[in-house]
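Asks: Next comes the structure file start07.tsv, holding TSV, C-alpha atoms.
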```
chain	number	residue	atom	x	y	z
A	1	MET	CA	-6.77	-9.18	-35.36
A	2	ASN	CA	-9.27	-11.98	-35.46
A	3	ASP	CA	-10.60	-11.55	-38.96
A	4	LYS	CA	-11.01	-14.39	-41.39
A	5	ASN	CA	-9.67	-12.59	-44.44
A	6	PRO	CA	-6.10	-13.16	-45.56
A	7	ALA	CA	-3.60	-10.91	-43.83
A	8	ILE	CA	-2.72	-9.20	-47.10
A	9	SER	CA	-5.76	-6.90	-47.20
A	10	ASP	CA	-5.34	-5.97	-43.53
A	11	ALA	CA	-1.63	-5.23	-43.88
A	12	ARG	CA	-2.37	-3.20	-46.98
A	13	ILE	CA	-5.00	-1.12	-45.19
A	14	ASP	CA	-2.54	-0.58	-42.31
A	15	LYS	CA	0.08	0.60	-44.75
A	16	ILE	CA	-2.34	2.96	-46.47
A	17	ILE	CA	-3.44	4.35	-43.09
A	18	GLY	CA	0.17	4.80	-41.92
A	19	ASN	CA	1.07	6.66	-45.10
A	20	LEU	CA	-2.11	8.70	-44.98
A	21	LEU	CA	-1.29	9.93	-41.48
A	22	ARG	CA	2.30	10.75	-42.38
A	23	VAL	CA	1.35	12.57	-45.59
A	24	GLY	CA	-1.40	14.42	-43.70
A	25	VAL	CA	1.01	15.79	-41.10
A	26	VAL	CA	3.66	16.73	-43.68
A	27	VAL	CA	1.27	18.42	-46.12
A	28	ALA	CA	-0.60	20.28	-43.36
A	29	SER	CA	2.70	21.48	-41.85
A	30	LEU	CA	3.98	22.68	-45.24
A	31	VAL	CA	0.78	24.59	-45.95
A	32	VAL	CA	0.94	26.17	-42.47
A	33	LEU	CA	4.60	27.04	-43.09
A	34	ILE	CA	3.84	28.73	-46.42
A	35	GLY	CA	0.91	30.64	-44.95
A	36	GLY	CA	3.01	31.54	-41.92
A	37	GLY	CA	5.76	32.97	-44.14
A	38	LEU	CA	3.25	35.15	-45.99
A	39	TYR	CA	1.60	36.21	-42.75
A	40	LEU	CA	4.87	37.22	-41.06
A	41	LYS	CA	6.05	39.03	-44.19
A	42	ARG	CA	2.90	41.17	-44.24
A	43	HIS	CA	2.06	41.49	-40.55
A	44	GLY	CA	5.29	40.52	-38.76
A	45	THR	CA	5.98	43.98	-37.45
A	46	GLU	CA	2.50	44.50	-35.98
A	47	LEU	CA	1.78	43.90	-32.32
A	48	PRO	CA	0.18	40.65	-31.19
A	49	SER	CA	-3.02	40.87	-29.14
A	50	TYR	CA	-3.73	37.28	-28.13
A	51	HIS	CA	-4.37	38.34	-24.55
A	52	ILE	CA	-7.69	39.83	-25.65
A	53	PHE	CA	-10.23	37.33	-26.86
A	54	ARG	CA	-12.17	38.46	-29.89
A	55	GLY	CA	-12.92	35.28	-31.79
A	56	GLU	CA	-12.08	34.77	-35.43
A	57	PRO	CA	-13.94	36.45	-38.31
A	58	SER	CA	-16.58	34.22	-39.87
A	59	ASP	CA	-14.42	33.56	-42.95
A	60	LEU	CA	-11.92	31.68	-40.78
A	61	ARG	CA	-14.57	29.62	-39.01
A	62	ASN	CA	-15.91	27.30	-41.66
A	63	VAL	CA	-14.80	25.29	-44.65
A	64	GLN	CA	-16.38	27.55	-47.30
A	65	GLY	CA	-14.98	30.72	-45.71
A	66	ILE	CA	-11.49	29.24	-45.44
A	67	MET	CA	-11.50	28.20	-49.10
A	68	LYS	CA	-12.49	31.75	-50.01
A	69	THR	CA	-9.63	33.32	-48.01
A	70	VAL	CA	-7.15	30.80	-49.43
A	71	SER	CA	-8.03	31.78	-52.99
A	72	SER	CA	-7.35	35.40	-52.09
A	73	LEU	CA	-3.87	34.28	-50.92
A	74	SER	CA	-4.30	35.65	-47.41
A	75	GLY	CA	-1.54	34.37	-45.11
A	76	ARG	CA	-3.97	33.73	-42.26
A	77	GLY	CA	-6.37	32.02	-44.65
A	78	ILE	CA	-3.64	29.67	-45.92
A	79	ILE	CA	-2.57	28.80	-42.35
A	80	GLN	CA	-6.20	28.11	-41.47
A	81	PHE	CA	-6.45	25.83	-44.51
A	82	GLY	CA	-3.39	23.94	-43.25
A	83	LEU	CA	-5.00	23.60	-39.81
A	84	LEU	CA	-8.15	22.31	-41.51
A	85	LEU	CA	-6.06	19.69	-43.35
A	86	MET	CA	-4.61	18.66	-39.98
A	87	ILE	CA	-8.08	18.28	-38.47
A	88	ILE	CA	-9.31	16.30	-41.49
A	89	THR	CA	-6.42	13.79	-41.35
A	90	PRO	CA	-7.81	11.73	-38.42
A	91	VAL	CA	-11.29	12.02	-39.96
A	92	LEU	CA	-9.94	10.43	-43.17
A	93	ARG	CA	-8.36	7.76	-41.05
A	94	VAL	CA	-11.70	6.88	-39.52
A	95	ALA	CA	-13.24	6.85	-43.01
A	96	PHE	CA	-10.57	4.37	-44.11
A	97	THR	CA	-11.31	2.21	-41.09
A	98	VAL	CA	-14.96	2.04	-42.24
A	99	VAL	CA	-13.65	0.67	-45.55
A	100	SER	CA	-11.50	-1.92	-43.79
A	101	PHE	CA	-14.49	-3.13	-41.74
A	102	ILE	CA	-16.59	-3.29	-44.90
A	103	ILE	CA	-13.90	-5.51	-46.45
A	104	GLN	CA	-14.02	-7.69	-43.32
A	105	LYS	CA	-17.84	-7.67	-43.44
A	106	ASP	CA	-17.91	-6.74	-39.75
A	107	ARG	CA	-21.38	-5.19	-39.45
A	108	VAL	CA	-21.11	-4.20	-35.80
A	109	TYR	CA	-17.93	-2.23	-36.38
A	110	ILE	CA	-19.11	-0.69	-39.64
A	111	GLY	CA	-21.86	0.80	-37.46
A	112	VAL	CA	-19.53	1.79	-34.62
A	113	THR	CA	-17.09	3.49	-37.00
A	114	LEU	CA	-19.88	5.27	-38.89
A	115	ILE	CA	-21.14	6.73	-35.59
A	116	VAL	CA	-17.64	8.07	-34.82
A	117	LEU	CA	-17.36	9.45	-38.36
A	118	ALA	CA	-20.75	11.14	-38.04
A	119	VAL	CA	-19.76	12.87	-34.78
A	120	LEU	CA	-16.52	14.09	-36.40
A	121	LEU	CA	-18.24	15.46	-39.49
A	122	PHE	CA	-20.99	17.01	-37.37
A	123	SER	CA	-18.44	18.85	-35.21
A	124	LEU	CA	-16.51	20.05	-38.27
A	125	VAL	CA	-19.48	21.25	-40.31
A	126	GLY	CA	-21.07	22.90	-37.32
A	127	TRP	CA	-24.35	22.88	-35.52
A	128	GLY	CA	-26.29	24.03	-38.56
B	1	MET	CA	7.40	42.50	-28.92
B	2	ASN	CA	6.00	42.29	-32.46
B	3	ILE	CA	4.29	39.34	-34.12
B	4	THR	CA	7.52	37.95	-35.63
B	5	GLU	CA	9.32	37.95	-32.27
B	6	PHE	CA	6.27	36.51	-30.54
B	7	SER	CA	6.05	33.74	-33.18
B	8	ILE	CA	9.74	32.86	-32.77
B	9	LEU	CA	9.41	32.66	-28.98
B	10	THR	CA	6.27	30.49	-29.09
B	11	PHE	CA	7.92	28.32	-31.76
B	12	VAL	CA	10.96	27.71	-29.55
B	13	GLY	CA	8.75	27.05	-26.49
B	14	SER	CA	6.56	24.61	-28.42
B	15	LEU	CA	9.61	22.90	-29.92
B	16	THR	CA	10.99	22.30	-26.43
B	17	ALA	CA	7.62	21.05	-25.18
B	18	GLY	CA	7.25	18.68	-28.13
B	19	PHE	CA	10.83	17.44	-27.75
B	20	LEU	CA	10.55	16.74	-24.01
B	21	GLY	CA	7.06	15.29	-24.44
B	22	ALA	CA	8.23	12.77	-27.01
B	23	LEU	CA	11.44	11.96	-25.13
B	24	THR	CA	9.72	11.32	-21.80
B	25	GLY	CA	6.56	9.81	-23.27
B	26	LEU	CA	4.43	12.23	-21.27
B	27	GLY	CA	3.23	14.16	-24.31
B	28	GLY	CA	3.95	17.81	-24.98
B	29	GLY	CA	0.35	18.93	-25.36
B	30	VAL	CA	-0.23	19.18	-21.66
B	31	VAL	CA	2.34	21.99	-21.20
B	32	ILE	CA	1.38	24.05	-24.28
B	33	VAL	CA	-1.64	25.74	-22.70
B	34	PRO	CA	0.14	26.69	-19.43
B	35	LEU	CA	3.13	27.91	-21.47
B	36	LEU	CA	0.97	30.14	-23.69
B	37	THR	CA	-1.25	31.47	-20.91
B	38	LEU	CA	1.24	31.85	-18.05
B	39	ALA	CA	4.37	32.87	-19.97
B	40	PHE	CA	2.90	34.70	-22.96
B	41	GLY	CA	-0.38	35.97	-21.54
B	42	VAL	CA	-2.47	34.39	-24.32
B	43	ASP	CA	-6.24	34.06	-23.72
B	44	ILE	CA	-6.89	30.48	-22.60
B	45	ARG	CA	-9.45	29.82	-25.37
B	46	TYR	CA	-6.94	30.66	-28.12
B	47	ALA	CA	-4.31	28.62	-26.28
B	48	ILE	CA	-6.59	25.58	-26.14
B	49	GLY	CA	-7.40	25.89	-29.85
B	50	ALA	CA	-3.70	25.97	-30.78
B	51	SER	CA	-2.93	23.12	-28.40
B	52	LEU	CA	-5.61	20.88	-29.95
B	53	ILE	CA	-3.98	21.20	-33.38
B	54	SER	CA	-0.59	20.22	-31.98
B	55	VAL	CA	-2.19	17.25	-30.19
B	56	ILE	CA	-3.67	16.01	-33.50
B	57	ALA	CA	-0.33	16.46	-35.25
B	58	THR	CA	1.72	14.53	-32.67
B	59	SER	CA	-0.88	11.77	-32.41
B	60	CYS	CA	-0.97	11.28	-36.20
B	61	GLY	CA	2.81	11.37	-36.45
B	62	ALA	CA	3.25	8.74	-33.75
B	63	ALA	CA	0.32	6.59	-34.90
B	64	ALA	CA	1.83	6.39	-38.38
B	65	ALA	CA	4.76	4.54	-36.84
B	66	TYR	CA	2.62	2.39	-34.51
B	67	VAL	CA	0.11	1.15	-37.09
B	68	LYS	CA	2.48	-1.38	-38.61
B	69	GLU	CA	3.64	-2.88	-35.32
B	70	GLY	CA	0.30	-4.54	-34.69
B	71	PHE	CA	-0.04	-3.56	-31.03
B	72	SER	CA	-2.97	-1.18	-31.32
B	73	ASN	CA	-6.41	-2.74	-31.07
B	74	ILE	CA	-8.47	-1.00	-33.76
B	75	ARG	CA	-11.80	-2.47	-32.57
B	76	LEU	CA	-11.21	-1.43	-28.98
B	77	GLY	CA	-10.05	2.00	-30.16
B	78	MET	CA	-13.08	2.55	-32.39
B	79	PHE	CA	-15.51	1.29	-29.77
B	80	LEU	CA	-14.10	3.69	-27.16
B	81	GLU	CA	-13.95	6.51	-29.72
B	82	MET	CA	-17.74	6.61	-29.53
B	83	ALA	CA	-17.34	7.69	-25.90
B	84	THR	CA	-14.40	10.05	-26.43
B	85	THR	CA	-15.79	11.89	-29.48
B	86	PHE	CA	-19.18	12.49	-27.83
B	87	GLY	CA	-17.28	13.58	-24.71
B	88	ALA	CA	-15.08	15.88	-26.78
B	89	VAL	CA	-18.02	17.64	-28.41
B	90	PHE	CA	-19.67	17.92	-24.98
B	91	GLY	CA	-16.45	19.29	-23.41
B	92	ALA	CA	-16.00	21.83	-26.21
B	93	ALA	CA	-19.61	22.96	-25.69
B	94	VAL	CA	-19.01	23.31	-21.93
B	95	ALA	CA	-15.82	25.32	-22.63
B	96	ALA	CA	-17.92	27.95	-24.38
B	97	ARG	CA	-20.23	28.34	-21.37
B	98	VAL	CA	-18.00	28.35	-18.29
B	99	SER	CA	-15.65	31.19	-17.31
B	100	THR	CA	-11.97	30.98	-18.21
B	101	HIS	CA	-11.08	30.98	-14.48
B	102	VAL	CA	-12.96	27.70	-14.03
B	103	ILE	CA	-11.18	26.20	-17.06
B	104	ALA	CA	-7.82	27.29	-15.60
B	105	VAL	CA	-8.56	25.64	-12.24
B	106	ILE	CA	-9.71	22.38	-13.87
B	107	PHE	CA	-6.64	22.47	-16.09
B	108	GLY	CA	-4.35	22.94	-13.10
B	109	THR	CA	-5.99	20.05	-11.27
B	110	VAL	CA	-5.48	17.74	-14.25
B	111	LEU	CA	-1.82	18.82	-14.40
B	112	LEU	CA	-1.35	18.01	-10.72
B	113	TYR	CA	-2.91	14.61	-11.30
B	114	SER	CA	-0.67	13.94	-14.34
B	115	ALA	CA	2.41	14.89	-12.32
B	116	PHE	CA	1.31	12.52	-9.57
B	117	LEU	CA	0.77	9.70	-12.07
B	118	SER	CA	4.13	10.12	-13.78
B	119	ALA	CA	6.01	10.42	-10.48
B	120	ARG	CA	4.59	7.09	-9.32
B	121	SER	CA	6.59	4.10	-10.46
B	122	ARG	CA	4.88	2.49	-13.36
B	123	ALA	CA	3.96	-0.96	-12.12
B	124	PRO	CA	2.83	-3.19	-14.96
B	125	ALA	CA	-0.81	-4.12	-14.51
B	126	THR	CA	-0.96	-7.64	-13.11
B	127	PRO	CA	-3.10	-9.74	-15.38
B	128	GLU	CA	-5.54	-11.51	-13.08
B	129	THR	CA	-6.84	-14.85	-14.13
B	130	GLU	CA	-10.30	-14.27	-12.70
B	131	ASP	CA	-12.65	-14.05	-15.63
B	132	THR	CA	-15.09	-11.19	-15.28
B	133	HIS	CA	-17.80	-11.86	-17.74
B	134	HIS	CA	-19.51	-8.77	-18.92
B	135	PHE	CA	-23.05	-8.31	-20.06
B	136	LEU	CA	-22.14	-6.85	-23.41
B	137	PRO	CA	-22.58	-9.07	-26.46
B	138	GLY	CA	-19.61	-11.10	-27.63
B	139	SER	CA	-20.10	-9.61	-31.08
B	140	LEU	CA	-18.00	-6.65	-29.91
B	141	ARG	CA	-14.94	-8.88	-30.30
B	142	LEU	CA	-12.72	-6.64	-28.22
B	143	ASP	CA	-10.40	-9.43	-27.09
B	144	ALA	CA	-7.39	-9.69	-29.33
B	145	THR	CA	-3.75	-10.69	-29.54
B	146	TYR	CA	-0.52	-8.75	-29.68
B	147	PRO	CA	2.84	-9.81	-31.08
B	148	GLY	CA	4.92	-11.29	-28.24
B	149	ALA	CA	8.40	-12.77	-28.25
B	150	GLN	CA	6.99	-16.29	-28.72
B	151	GLY	CA	4.22	-15.50	-31.16
B	152	PRO	CA	0.83	-13.84	-30.60
B	153	VAL	CA	-0.27	-13.32	-26.98
B	154	SER	CA	-4.03	-13.16	-26.44
B	155	TYR	CA	-5.69	-10.92	-23.87
B	156	HIS	CA	-9.13	-10.27	-22.49
B	157	VAL	CA	-10.72	-6.84	-22.12
B	158	HIS	CA	-12.32	-6.39	-18.67
B	159	HIS	CA	-14.86	-3.95	-17.20
B	160	ILE	CA	-16.06	-2.52	-20.48
B	161	PRO	CA	-18.79	-0.21	-19.05
B	162	THR	CA	-16.33	1.34	-16.56
B	163	GLY	CA	-13.72	1.85	-19.27
B	164	PHE	CA	-16.33	3.32	-21.61
B	165	SER	CA	-17.50	5.82	-18.95
B	166	LEU	CA	-13.92	6.85	-18.12
B	167	MET	CA	-13.36	7.42	-21.84
B	168	PHE	CA	-16.29	9.81	-21.94
B	169	VAL	CA	-14.57	11.75	-19.13
B	170	ALA	CA	-11.28	11.67	-21.07
B	171	GLY	CA	-13.05	13.04	-24.14
B	172	THR	CA	-14.76	15.78	-22.13
B	173	LEU	CA	-11.43	16.88	-20.65
B	174	SER	CA	-9.88	16.87	-24.11
B	175	GLY	CA	-12.60	19.13	-25.48
B	176	LEU	CA	-12.60	21.37	-22.43
B	177	LEU	CA	-8.84	21.73	-22.03
B	178	GLY	CA	-7.36	21.01	-25.45
B	179	ILE	CA	-5.18	18.18	-24.24
B	180	GLY	CA	-4.83	14.57	-25.36
B	181	SER	CA	-5.99	13.22	-21.97
B	182	GLY	CA	-3.54	10.39	-22.47
B	183	ALA	CA	-3.34	9.97	-18.67
B	184	VAL	CA	-7.07	9.26	-18.29
B	185	LYS	CA	-7.10	7.03	-21.37
B	186	VAL	CA	-4.25	4.92	-20.10
B	187	LEU	CA	-5.91	4.81	-16.67
B	188	ALA	CA	-9.11	3.50	-18.22
B	189	MET	CA	-7.37	0.88	-20.32
B	190	ASP	CA	-4.61	-0.14	-17.89
B	191	GLN	CA	-6.46	-0.12	-14.60
B	192	ALA	CA	-10.10	-0.68	-15.49
B	193	MET	CA	-10.03	-2.72	-18.68
B	194	ARG	CA	-6.70	-4.35	-17.85
B	195	VAL	CA	-5.36	-4.26	-21.38
B	196	PRO	CA	-1.61	-4.99	-21.77
B	197	PHE	CA	0.50	-1.84	-21.38
B	198	LYS	CA	1.90	-1.67	-24.89
B	199	VAL	CA	-1.59	-2.19	-26.34
B	200	SER	CA	-3.15	0.53	-24.18
B	201	THR	CA	-0.41	3.04	-25.00
B	202	THR	CA	-0.57	2.56	-28.76
B	203	THR	CA	-4.37	2.29	-28.85
B	204	SER	CA	-4.78	5.43	-26.77
B	205	ASN	CA	-2.35	7.22	-29.07
B	206	PHE	CA	-4.52	6.22	-32.01
B	207	MET	CA	-7.58	7.60	-30.22
B	208	ILE	CA	-6.05	10.91	-29.12
B	209	GLY	CA	-5.93	12.39	-32.63
B	210	VAL	CA	-9.51	11.40	-33.41
B	211	THR	CA	-10.76	12.82	-30.10
B	212	ALA	CA	-8.85	16.06	-30.57
B	213	ALA	CA	-10.21	16.36	-34.13
B	214	ALA	CA	-13.77	16.24	-32.76
B	215	SER	CA	-12.97	19.08	-30.33
B	216	ALA	CA	-10.97	21.05	-32.89
B	217	GLY	CA	-13.93	21.10	-35.26
B	218	VAL	CA	-16.06	22.77	-32.59
B	219	TYR	CA	-13.27	25.24	-31.72
B	220	LEU	CA	-12.87	26.14	-35.39
B	221	ASN	CA	-16.60	26.83	-35.72
B	222	ARG	CA	-16.62	28.96	-32.62
B	223	GLY	CA	-13.71	31.08	-33.85
B	224	TYR	CA	-11.33	29.93	-31.09
B	225	LEU	CA	-8.73	28.77	-33.57
B	226	ASP	CA	-6.37	31.62	-34.39
B	227	PRO	CA	-4.07	30.92	-37.36
B	228	GLY	CA	-1.38	33.39	-36.26
B	229	LEU	CA	-1.02	31.66	-32.89
B	230	ALA	CA	-1.57	28.06	-34.01
B	231	MET	CA	1.11	28.37	-36.72
B	232	PRO	CA	4.25	28.59	-34.52
B	233	VAL	CA	2.75	26.19	-31.95
B	234	MET	CA	1.94	23.46	-34.45
B	235	LEU	CA	5.22	23.75	-36.35
B	236	GLY	CA	7.21	23.81	-33.10
B	237	VAL	CA	5.51	20.78	-31.59
B	238	VAL	CA	5.70	18.75	-34.83
B	239	LEU	CA	9.41	19.41	-35.24
B	240	GLY	CA	10.13	18.96	-31.52
B	241	SER	CA	8.36	15.62	-31.20
B	242	LEU	CA	9.99	14.40	-34.40
B	243	LEU	CA	13.42	15.22	-32.95
B	244	GLY	CA	12.44	13.73	-29.58
B	245	SER	CA	11.41	10.43	-31.15
B	246	LYS	CA	14.70	10.20	-33.07
B	247	VAL	CA	16.93	10.73	-30.06
B	248	LEU	CA	17.66	7.53	-28.22
B	249	ILE	CA	18.56	8.13	-24.63
B	250	SER	CA	18.32	5.28	-22.20
B	251	SER	CA	20.13	6.48	-19.10
B	252	GLY	CA	18.99	10.08	-18.96
B	253	THR	CA	15.30	9.42	-19.60
B	254	ARG	CA	14.41	8.68	-15.98
B	255	LEU	CA	15.93	11.92	-14.75
B	256	LEU	CA	14.24	13.80	-17.59
B	257	ARG	CA	10.89	12.27	-16.63
B	258	ILE	CA	11.32	13.47	-13.07
B	259	ILE	CA	12.27	16.96	-14.22
B	260	PHE	CA	9.38	17.10	-16.65
B	261	ALA	CA	6.99	15.83	-13.98
B	262	ALA	CA	8.25	18.56	-11.64
B	263	VAL	CA	7.65	21.18	-14.36
B	264	ILE	CA	4.09	19.86	-14.81
B	265	LEU	CA	3.56	20.02	-11.03
B	266	ILE	CA	4.69	23.65	-10.83
B	267	LEU	CA	2.58	24.61	-13.86
B	268	GLY	CA	-0.40	22.89	-12.23
B	269	ILE	CA	-0.02	24.92	-9.04
B	270	GLU	CA	0.38	28.12	-11.08
B	271	MET	CA	-2.73	27.38	-13.15
B	272	VAL	CA	-4.90	26.67	-10.09
B	273	TYR	CA	-3.55	29.74	-8.27
B	274	ASN	CA	-4.03	32.12	-11.21
B	275	GLY	CA	-7.44	30.65	-11.95
B	276	ILE	CA	-8.64	31.19	-8.40
B	277	MET	CA	-7.18	34.71	-8.35
B	278	GLY	CA	-9.09	35.39	-11.55
B	279	ARG	CA	-6.00	36.20	-13.61
B	280	LEU	CA	-6.52	33.59	-16.30
```
Before anything else, please render the file you have as structure tokens.

Replies:
Amino acid sequence: MNDKNPAISDARIDKIIGNLLRVGVVVASLVVLIGGGLYLKRHGTELPSYHIFRGEPSDLRNVQGIMKTVSSLSGRGIIQFGLLLMIITPVLRVAFTVVSFIIQKDRVYIGVTLIVLAVLLFSLVGWG
Amino acid sequence: MNITEFSILTFVGSLTAGFLGALTGLGGGVVIVPLLTLAFGVDIRYAIGASLISVIATSCGAAAAYVKEGFSNIRLGMFLEMATTFGAVFGAAVAARVSTHVIAVIFGTVLLYSAFLSARSRAPATPETEDTHHFLPGSLRLDATYPGAQGPVSYHVHHIPTGFSLMFVAGTLSGLLGIGSGAVKVLAMDQAMRVPFKVSTTTSNFMIGVTAAASAGVYLNRGYLDPGLAMPVMLGVVLGSLLGSKVLISSGTRLLRIIFAAVILILGIEMVYNGIMGRL
């Protein structure tokens, strides 16, 4: 990259981002696995009905609802929490990129990255 | 078939898709939705939701390895993310308004196009010396270097408005169909912006997860993300692509690519047919 700062800070940010992505995938997968185990143990013998579209209950549609179902140790709630962690991982990555552009004092790209971050958060939190 | 059996079958199917996707470099995400809808009769909206999660997972897993190599152009990626994330949110909004038959037909068409692209021999984009000077300010600093055999090689990013518009289309398709749209992204960066191949592949990989996250947020809010279905799909694709990236096959890859492209072609025809017949 064509920044003026010493390579150390850039390489460090790259390393943090690489680790962040890896940890994100592993942690999300483990949470989904745990929730999946619970879900199959309780509901494994029921019949699936994914051919009919119903939409999820409101508790599995937003961050607050998911946290509530997780604390009640519902298998589906825990899986949904894992999926949420998976969705948040790239969002965190973008947030880290904002930091790296702040370090580089690159105003244009601080703005660009903040726009991307805003769209991501907006889509996750909902339309209000 | 009860939920446990269904989960095992979808897990194995997703594992295979992820494995072949990573091995051939075509990405497994594109076959997840046809697999779930055609073979397992899953509603296409649930299938797209589950597919988006697996797309995020594979993109993050691969990007973690790419970041250190220094090929991906973060500025270019971020700049184009503005187009893809807006497109993704737009596509996800469209998905809620059009009938599932229409989504199936569009999906099938994209599959046919991907099969066509992967069947064509991949000619490296010839870097032309002609200097197109664009009207966008130089402060964008999109031109960069990548590590070559004899030190850093610099390159120039061409046709930025065209690339940006194509990226909006890629984002829309991602939000509408739950795929990574890697084919459109590479098209925009290879053909229009004429970025070196390795740079466009790694940069587009970096962008795929962010784009899919924008769509996935909307799908979550709309209740299209079913944990029971997404669980085996995500775990299968993650494990499959991990295995696929570890296996080093040099001789068999070409044949595998052809087979995988043929599978995509058949799935494309099936999706269009079933969409038109109103079965999906």

Asks: Which is closest to A:Leu92 among A:Ile13, A:Leu20, A:Leu47, A:Ile66, if we use only C-alpha atoms?

Replies: A:Leu20

Asks: Residues of chain B within 8 Å of chain A, counting all atoms listed in the file - could you list those as a ChimeraX atom specification?

Replies: /B:1-4,6,41-43,45-46,53,56-57,60-61,63-65,67-68,73,75,78-79,81-82,85-86,89,139-140,144-145,209-210,213-218,220-229,231,234-235

Asks: When distances are computed from only C-alpha atoms, which of A:Met67, A:Ile34, A:Ser100, A:Val27 shows the smallest separation from B:Pro232?

Replies: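 Looking at the shortest contact to B:Pro232, the residue is A:Ile34.
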
Asks: Could you check how far atom CA of B:Thr16 sits from atom CA of B:Gly171, in Å to one decimal?

Replies: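 Spanning atom CA of B:Thr16 to atom CA of B:Gly171 is a straight-line distance of 25.9 Å.
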
Asks: What does the distance from atom CA of B:Glu5 to atom CA of B:Ile264 come to in Å, to one decimal?

Replies: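 Atom CA of B:Ile264 lies at a distance of 25.7 Å from atom CA of B:Glu5.
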
Asks: Would you mind reading off the distance between atom CA of B:Gly268 and atom CA of B:Thr211, one decimal, in Å?

Replies: 23.0 Å

Asks: Do you know which residues are at most 12 Å from stretch 258-262 of chain B counting all atoms listed in the file, after dropping those on the same chain fewer than 4 positions away, and could you put them as a PyMOL selection string?

Replies: chain B and resi 16-28+30-31+111-121+252-254+266-269

Asks: Tell me which of B:Ser204, B:Gln191, B:Ser14, B:Ser72 sits closest to B:Asp143, counting all atoms listed in the file.

Replies: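 The closest residue to B:Asp143 is B:Ser72.
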
Asks: N, CA and C atoms are needed for stretch 102-115 of chain A; please write them out as a CSV table (one decimal), in the coordinates of the input.

Replies:
```
chain,number,residue,atom,x,y,z
A,102,ILE,N,-15.7,-2.8,-43.8
A,102,ILE,CA,-16.6,-3.3,-44.9
A,102,ILE,C,-15.9,-4.5,-45.6
A,103,ILE,N,-14.6,-4.4,-45.8
A,103,ILE,CA,-13.9,-5.5,-46.4
A,103,ILE,C,-14.0,-6.8,-45.6
A,104,GLN,N,-13.9,-6.6,-44.2
A,104,GLN,CA,-14.0,-7.7,-43.3
A,104,GLN,C,-15.5,-8.1,-43.1
A,105,LYS,N,-16.4,-7.4,-43.6
A,105,LYS,CA,-17.8,-7.7,-43.4
A,105,LYS,C,-18.2,-7.7,-42.0
A,106,ASP,N,-17.6,-6.8,-41.2
A,106,ASP,CA,-17.9,-6.7,-39.8
A,106,ASP,C,-19.0,-5.7,-39.5
A,107,ARG,N,-20.3,-6.1,-39.5
A,107,ARG,CA,-21.4,-5.2,-39.4
A,107,ARG,C,-21.4,-4.3,-38.2
A,108,VAL,N,-21.1,-4.9,-37.1
A,108,VAL,CA,-21.1,-4.2,-35.8
A,108,VAL,C,-20.1,-3.0,-35.9
A,109,TYR,N,-18.9,-3.3,-36.4
A,109,TYR,CA,-17.9,-2.2,-36.4
A,109,TYR,C,-18.1,-1.3,-37.5
A,110,ILE,N,-18.8,-1.7,-38.6
A,110,ILE,CA,-19.1,-0.7,-39.6
A,110,ILE,C,-20.0,0.4,-39.0
A,111,GLY,N,-21.0,-0.1,-38.2
A,111,GLY,CA,-21.9,0.8,-37.5
A,111,GLY,C,-21.1,1.7,-36.5
A,112,VAL,N,-20.3,1.1,-35.6
A,112,VAL,CA,-19.5,1.8,-34.6
A,112,VAL,C,-18.7,2.9,-35.3
A,113,THR,N,-18.0,2.5,-36.4
A,113,THR,CA,-17.1,3.5,-37.0
A,113,THR,C,-17.9,4.6,-37.7
A,114,LEU,N,-19.1,4.2,-38.2
A,114,LEU,CA,-19.9,5.3,-38.9
A,114,LEU,C,-20.4,6.3,-37.9
A,115,ILE,N,-20.7,5.8,-36.6
A,115,ILE,CA,-21.1,6.7,-35.6
A,115,ILE,C,-20.0,7.7,-35.3
```
